[in-house]
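**Student:** Next comes the structure file my_file_2.cif, holding mmCIF, C-alpha atoms; chains and numbers go by the auth columns.
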```
data_final
loop_
_atom_site.group_PDB
_atom_site.id
_atom_site.type_symbol
_atom_site.label_atom_id
_atom_site.label_comp_id
_atom_site.label_asym_id
_atom_site.label_seq_id
_atom_site.Cartn_x
_atom_site.Cartn_y
_atom_site.Cartn_z
_atom_site.B_iso_or_equiv
_atom_site.auth_seq_id
_atom_site.auth_asym_id
ATOM 1 C CA MET A 1 52.909 -50.289 -124.492 0.00 1 A
ATOM 2 C CA ASP A 2 49.598 -49.258 -122.940 0.00 2 A
ATOM 3 C CA TYR A 3 46.574 -50.487 -124.849 0.00 3 A
ATOM 4 C CA PRO A 4 43.486 -48.274 -124.626 0.00 4 A
ATOM 5 C CA TYR A 5 41.134 -51.249 -124.712 0.00 5 A
ATOM 6 C CA GLU A 6 38.395 -51.934 -122.195 0.00 6 A
ATOM 7 C CA ALA A 7 37.949 -55.362 -120.659 0.00 7 A
ATOM 8 C CA PRO A 8 35.994 -57.802 -122.868 0.00 8 A
ATOM 9 C CA LEU A 9 32.260 -58.242 -122.381 0.00 9 A
ATOM 10 C CA GLY A 10 31.290 -60.764 -119.709 0.00 10 A
ATOM 11 C CA ALA A 11 30.101 -63.367 -122.233 0.00 11 A
ATOM 12 C CA HIS A 12 33.362 -63.126 -124.186 0.00 12 A
ATOM 13 C CA LEU A 13 35.459 -63.199 -121.045 0.00 13 A
ATOM 14 C CA ARG A 14 33.558 -66.282 -119.878 0.00 14 A
ATOM 15 C CA LEU A 15 34.621 -68.127 -123.051 0.00 15 A
ATOM 16 C CA LEU A 16 38.274 -67.198 -122.487 0.00 16 A
ATOM 17 C CA VAL A 17 38.150 -68.230 -118.834 0.00 17 A
ATOM 18 C CA ASP A 18 36.433 -71.531 -119.630 0.00 18 A
ATOM 19 C CA LEU A 19 38.920 -72.458 -122.360 0.00 19 A
ATOM 20 C CA THR A 20 41.867 -71.575 -120.147 0.00 20 A
ATOM 21 C CA ALA A 21 40.527 -73.466 -117.111 0.00 21 A
ATOM 22 C CA ARG A 22 40.010 -76.577 -119.242 0.00 22 A
ATOM 23 C CA ARG A 23 43.660 -76.398 -120.376 0.00 23 A
ATOM 24 C CA LEU A 24 45.053 -76.191 -116.833 0.00 24 A
ATOM 25 C CA PRO A 25 45.168 -79.967 -116.086 0.00 25 A
ATOM 26 C CA GLY A 26 47.349 -80.541 -119.157 0.00 26 A
ATOM 27 C CA SER A 27 49.622 -77.677 -118.192 0.00 27 A
ATOM 28 C CA ILE A 28 49.999 -79.057 -114.653 0.00 28 A
ATOM 29 C CA ALA A 29 50.875 -82.488 -116.084 0.00 29 A
ATOM 30 C CA GLY A 30 53.424 -80.951 -118.451 0.00 30 A
ATOM 31 C CA ARG A 31 55.097 -79.064 -115.614 0.00 31 A
ATOM 32 C CA ARG A 32 55.149 -82.240 -113.523 0.00 32 A
ATOM 33 C CA ARG A 33 56.816 -84.197 -116.358 0.00 33 A
ATOM 34 C CA ALA A 34 59.412 -81.417 -116.644 0.00 34 A
ATOM 35 C CA GLY A 35 60.108 -81.639 -112.893 0.00 35 A
ATOM 36 C CA LEU A 36 58.674 -78.167 -112.211 0.00 36 A
ATOM 37 C CA ALA A 37 55.696 -79.129 -110.029 0.00 37 A
ATOM 38 C CA THR A 38 55.974 -78.770 -106.276 0.00 38 A
ATOM 39 C CA THR A 39 53.316 -81.351 -105.348 0.00 39 A
ATOM 40 C CA ARG A 40 54.009 -85.021 -105.724 0.00 40 A
ATOM 41 C CA ALA A 41 51.847 -86.905 -108.190 0.00 41 A
ATOM 42 C CA ARG A 42 49.604 -89.652 -106.935 0.00 42 A
ATOM 43 C CA LEU A 43 49.068 -92.358 -109.478 0.00 43 A
ATOM 44 C CA THR A 44 45.450 -92.724 -110.487 0.00 44 A
ATOM 45 C CA THR A 45 43.796 -94.866 -113.079 0.00 45 A
ATOM 46 C CA ALA A 46 42.613 -92.924 -116.128 0.00 46 A
ATOM 47 C CA GLY A 47 39.105 -91.692 -115.423 0.00 47 A
ATOM 48 C CA ALA A 48 39.354 -92.381 -111.678 0.00 48 A
ATOM 49 C CA PRO A 49 38.965 -89.473 -109.262 0.00 49 A
ATOM 50 C CA GLY A 50 42.031 -87.875 -107.738 0.00 50 A
ATOM 51 C CA ARG A 51 42.950 -84.715 -105.829 0.00 51 A
ATOM 52 C CA THR A 52 41.390 -81.464 -107.012 0.00 52 A
ATOM 53 C CA VAL A 53 41.765 -77.717 -106.513 0.00 53 A
ATOM 54 C CA HIS A 54 38.625 -75.584 -106.473 0.00 54 A
ATOM 55 C CA LEU A 55 39.236 -72.616 -108.754 0.00 55 A
ATOM 56 C CA GLU A 56 36.721 -69.823 -108.193 0.00 56 A
ATOM 57 C CA ILE A 57 36.794 -67.086 -110.823 0.00 57 A
ATOM 58 C CA GLU A 58 34.858 -63.991 -109.816 0.00 58 A
ATOM 59 C CA GLY A 59 33.279 -61.399 -112.099 0.00 59 A
ATOM 60 C CA ALA A 60 31.082 -61.410 -115.177 0.00 60 A
ATOM 61 C CA GLY A 61 33.300 -63.990 -116.902 0.00 61 A
ATOM 62 C CA GLY A 62 33.703 -66.166 -113.846 0.00 62 A
ATOM 63 C CA GLY A 63 32.613 -69.534 -112.632 0.00 63 A
ATOM 64 C CA ASP A 64 33.678 -72.493 -110.522 0.00 64 A
ATOM 65 C CA TYR A 65 36.133 -75.113 -111.771 0.00 65 A
ATOM 66 C CA TRP A 66 37.581 -78.189 -110.110 0.00 66 A
ATOM 67 C CA ILE A 67 41.054 -78.767 -111.481 0.00 67 A
ATOM 68 C CA PRO A 68 42.460 -82.324 -111.227 0.00 68 A
ATOM 69 C CA LEU A 69 46.039 -82.369 -109.911 0.00 69 A
ATOM 70 C CA ASP A 70 47.103 -85.968 -110.417 0.00 70 A
ATOM 71 C CA SER A 71 46.155 -86.599 -114.026 0.00 71 A
ATOM 72 C CA PRO A 72 44.616 -84.486 -116.781 0.00 72 A
ATOM 73 C CA THR A 73 42.202 -87.362 -117.425 0.00 73 A
ATOM 74 C CA ALA A 74 41.186 -87.826 -113.779 0.00 74 A
ATOM 75 C CA ALA A 75 37.459 -87.661 -113.224 0.00 75 A
ATOM 76 C CA VAL A 76 36.168 -84.947 -110.935 0.00 76 A
ATOM 77 C CA THR A 77 33.333 -86.429 -108.912 0.00 77 A
ATOM 78 C CA ARG A 78 31.146 -84.697 -106.350 0.00 78 A
ATOM 79 C CA VAL A 79 33.160 -86.354 -103.600 0.00 79 A
ATOM 80 C CA ALA A 80 36.458 -85.146 -105.115 0.00 80 A
ATOM 81 C CA ALA A 81 34.985 -81.671 -105.490 0.00 81 A
ATOM 82 C CA ARG A 82 33.869 -81.604 -101.838 0.00 82 A
ATOM 83 C CA ASP A 83 37.277 -82.837 -100.732 0.00 83 A
ATOM 84 C CA ALA A 84 39.337 -80.339 -102.749 0.00 84 A
ATOM 85 C CA VAL A 85 42.832 -79.980 -101.296 0.00 85 A
ATOM 86 C CA ALA A 86 42.789 -76.207 -101.881 0.00 86 A
ATOM 87 C CA GLN A 87 40.629 -73.324 -103.026 0.00 87 A
ATOM 88 C CA VAL A 88 41.873 -70.428 -105.162 0.00 88 A
ATOM 89 C CA ALA A 89 39.821 -67.300 -105.864 0.00 89 A
ATOM 90 C CA LEU A 90 40.671 -64.494 -108.258 0.00 90 A
ATOM 91 C CA ALA A 91 38.952 -62.037 -110.565 0.00 91 A
ATOM 92 C CA ASP A 92 38.285 -62.970 -114.178 0.00 92 A
ATOM 93 C CA VAL A 93 40.545 -60.222 -115.565 0.00 93 A
ATOM 94 C CA GLU A 94 43.374 -61.204 -113.170 0.00 94 A
ATOM 95 C CA PHE A 95 42.971 -64.826 -114.291 0.00 95 A
ATOM 96 C CA CYS A 96 43.328 -63.805 -117.939 0.00 96 A
ATOM 97 C CA ARG A 97 46.316 -61.560 -117.188 0.00 97 A
ATOM 98 C CA LEU A 98 48.062 -64.496 -115.507 0.00 98 A
ATOM 99 C CA ALA A 99 47.260 -66.831 -118.412 0.00 99 A
ATOM 100 C CA ALA A 100 48.594 -64.254 -120.886 0.00 100 A
ATOM 101 C CA GLY A 101 51.837 -63.874 -118.941 0.00 101 A
ATOM 102 C CA ARG A 102 51.117 -60.201 -118.202 0.00 102 A
ATOM 103 C CA GLN A 103 51.789 -60.643 -114.491 0.00 103 A
ATOM 104 C CA SER A 104 53.284 -63.191 -112.150 0.00 104 A
ATOM 105 C CA PRO A 105 51.387 -65.104 -109.463 0.00 105 A
ATOM 106 C CA ALA A 106 53.214 -63.005 -106.857 0.00 106 A
ATOM 107 C CA GLU A 107 51.770 -59.809 -108.377 0.00 107 A
ATOM 108 C CA ALA A 108 48.211 -61.093 -108.723 0.00 108 A
ATOM 109 C CA ALA A 109 45.445 -60.493 -106.198 0.00 109 A
ATOM 110 C CA VAL A 110 44.823 -64.149 -105.354 0.00 110 A
ATOM 111 C CA ALA A 111 43.018 -65.544 -102.332 0.00 111 A
ATOM 112 C CA GLY A 112 43.859 -69.117 -101.499 0.00 112 A
ATOM 113 C CA GLN A 113 43.379 -71.585 -98.710 0.00 113 A
ATOM 114 C CA GLY A 114 44.442 -75.159 -98.243 0.00 114 A
ATOM 115 C CA ASP A 115 47.496 -76.894 -99.703 0.00 115 A
ATOM 116 C CA GLN A 116 49.840 -74.033 -100.649 0.00 116 A
ATOM 117 C CA ALA A 117 51.959 -76.280 -102.890 0.00 117 A
ATOM 118 C CA ALA A 118 48.855 -77.222 -104.909 0.00 118 A
ATOM 119 C CA ILE A 119 47.893 -73.543 -105.193 0.00 119 A
ATOM 120 C CA SER A 120 51.395 -72.726 -106.394 0.00 120 A
ATOM 121 C CA ASP A 121 51.244 -75.523 -108.985 0.00 121 A
ATOM 122 C CA VAL A 122 47.916 -74.280 -110.364 0.00 122 A
ATOM 123 C CA LEU A 123 49.075 -70.652 -110.590 0.00 123 A
ATOM 124 C CA SER A 124 52.419 -71.617 -112.144 0.00 124 A
ATOM 125 C CA ALA A 125 50.638 -73.856 -114.665 0.00 125 A
ATOM 126 C CA LEU A 126 48.302 -70.961 -115.451 0.00 126 A
ATOM 127 C CA THR A 127 51.193 -68.613 -116.265 0.00 127 A
ATOM 128 C CA ALA A 128 52.909 -71.388 -118.254 0.00 128 A
ATOM 129 C CA LEU A 129 49.938 -71.405 -120.656 0.00 129 A
ATOM 130 C CA SER A 130 51.274 -68.157 -122.140 0.00 130 A
ATOM 131 C CA ARG A 131 54.255 -70.097 -123.467 0.00 131 A
ATOM 132 C CA LEU A 132 52.390 -72.826 -125.344 0.00 132 A
#
```
What is this file in structure tokens?
**Tutor:**
Amino acid sequence: MDYPYEAPLGAHLRLLVDLTARRLPGSIAGRRRAGLATTRARLTTAGAPGRTVHLEIEGAGGGDYWIPLDSPTAAVTRVAARDAVAQVALADVEFCRLAAGRQSPAEAAVAGQGDQAAISDVLSALTALSRL
């Protein structure tokens, strides 16, 4: 089915992107508990900083997010943000299409550098949000 709808306004898209990005740490943790994550968890104390991935969403609905990998409750400090293990960049509409399960990470126009396993975990967790 081909919907004749235009992309949402930037302000509306920003709300969708923000909500989805904030749900990613929980999705990563759920995939790790199910044995589906490719990176190994490092135990961290709740609220302590851990490894992060810098998620850069481009476009009117975009922004920068630092996604904790080790625990959904891990704090993201300036040091953890500077020392991100990977960086992922994609357009706001692509991000939403992945989160809605409309395309796979392999089909998406994603730029990434750093730990490829961490990038894969973040993108897989993003697509898993469509099944919540």
**Student:** Find, counting only C-alpha atoms, the residue in A:Val93, A:Ala7, A:Val88, A:Val79 that gets nearest to Leu123 (chain A).
**Tutor:**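 Nearest candidate to Leu123 (chain A) out of A:Val93, A:Ala7, A:Val88, A:Val79: A:Val88.
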**Student:** For this file, the PyMOL selection byres ((chain A and resi 31) around 12) selects which residues, as a PyMOL selection string?
**Tutor:** chain A and resi 24-30+32-41+69-72+120-129+131-132
**Student:** Which is closer to Val110 (chain A) than all the others in A:Glu56, A:Gly61, A:Ile67, A:Glu6, using only C-alpha atoms?
**Tutor:**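 Answer, going by the shortest atom-to-atom distance: A:Glu56.
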**Student:** If the PyMOL selection byres ((chain A and resi 102) around 12) were run on this exact file, what residues would it hold? Put them as a list in words.
**Tutor:**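 For this structure, the PyMOL selection byres ((chain A and resi 102) around 12) captures Met1, Val93, Glu94, Phe95, Cys96, Arg97, Leu98, Ala99, Ala100, Gly101, Gln103, Ser104, Pro105, Ala106, Glu107, Ala108, Leu126, Thr127, Ala128, Leu129, Ser130 and Arg131 of chain A.
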**Student:** For the atom pair CA of Pro49 (chain A) and CA of Ala86 (chain A), what is the interatomic distance in Å to one decimal place?
**Tutor:**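 CA of Pro49 (chain A) sits 15.7 Å away from CA of Ala86 (chain A).
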**Student:** Tell me which protein, DNA and RNA residues are within 9 Å of Ala111 (chain A), counting only C-alpha atoms, leaving out same-chain ones fewer than 5 positions away, and put them as a list in words.
**Tutor:**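 Within the cut-off, the hits are Gln87, Val88, Ala89 and Leu90 of chain A.
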**Student:** Kindly provide, as number ranges by chain, the polymer residues lying within 7 Å of (37.7, -80.5, -112.1), counting all atoms listed in the file and using the coordinates exactly as they appear in the file.
**Tutor:** A: 52, 65-68, 76
**Student:** With C-alpha atoms kept, could you save the residues just selected as a PDB file, in the frame of the given file?
**Tutor:**
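Below is the file result-v5.pdb, written as the result:
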```pdb
ATOM      1  CA  THR A  52      41.390 -81.464-107.012  1.00  0.00           C
ATOM      2  CA  TYR A  65      36.133 -75.113-111.771  1.00  0.00           C
ATOM      3  CA  TRP A  66      37.581 -78.189-110.110  1.00  0.00           C
ATOM      4  CA  ILE A  67      41.054 -78.767-111.481  1.00  0.00           C
ATOM      5  CA  PRO A  68      42.460 -82.324-111.227  1.00  0.00           C
ATOM      6  CA  VAL A  76      36.168 -84.947-110.935  1.00  0.00           C
TER       7      VAL A  76
END
```
**Student:** To one decimal in Å, tell me the separation between CA of Arg14 (chain A) and CA of Asp64 (chain A).
**Tutor:**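 So the answer is 11.2 Å.
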**Student:** Just checking: using only C-alpha atoms, which residue out of A:Leu13, A:Leu19, A:Gln116, A:Ala74 ends up closest to Arg42 (chain A)?
**Tutor:**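 Closest residue, counting only C-alpha atoms: A:Ala74.
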**Student:** From the options A:Val53, A:Val85, A:Ala60, A:Ala109, which residue's atoms come nearest to Leu15 (chain A), counting all atoms listed in the file?
**Tutor:**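 For Leu15 (chain A), the nearest of the given residues is A:Ala60.
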**Student:** Quick one: distance from CA of Val17 (chain A) to CA of Ile57 (chain A) in Å, one decimal?
**Tutor:**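 Separating CA of Val17 (chain A) from CA of Ile57 (chain A) is a distance of 8.2 Å.
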**Student:** Smallest atom-to-atom distance to Arg82 (chain A): which of A:Gly112, A:His54, A:Arg22, A:Pro4, using only C-alpha atoms?
**Tutor:**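 Between A:Gly112, A:His54, A:Arg22, A:Pro4, the residue approaching Arg82 (chain A) most closely is A:His54.
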**Student:** Determine the nearest neighbour of Thr73 (chain A) from the options A:Gly50, A:Leu16, A:Gly59, A:Asp115, counting all atoms listed in the file.
**Tutor:**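 Residue with the minimum atom-to-atom distance to Thr73 (chain A): A:Gly50.
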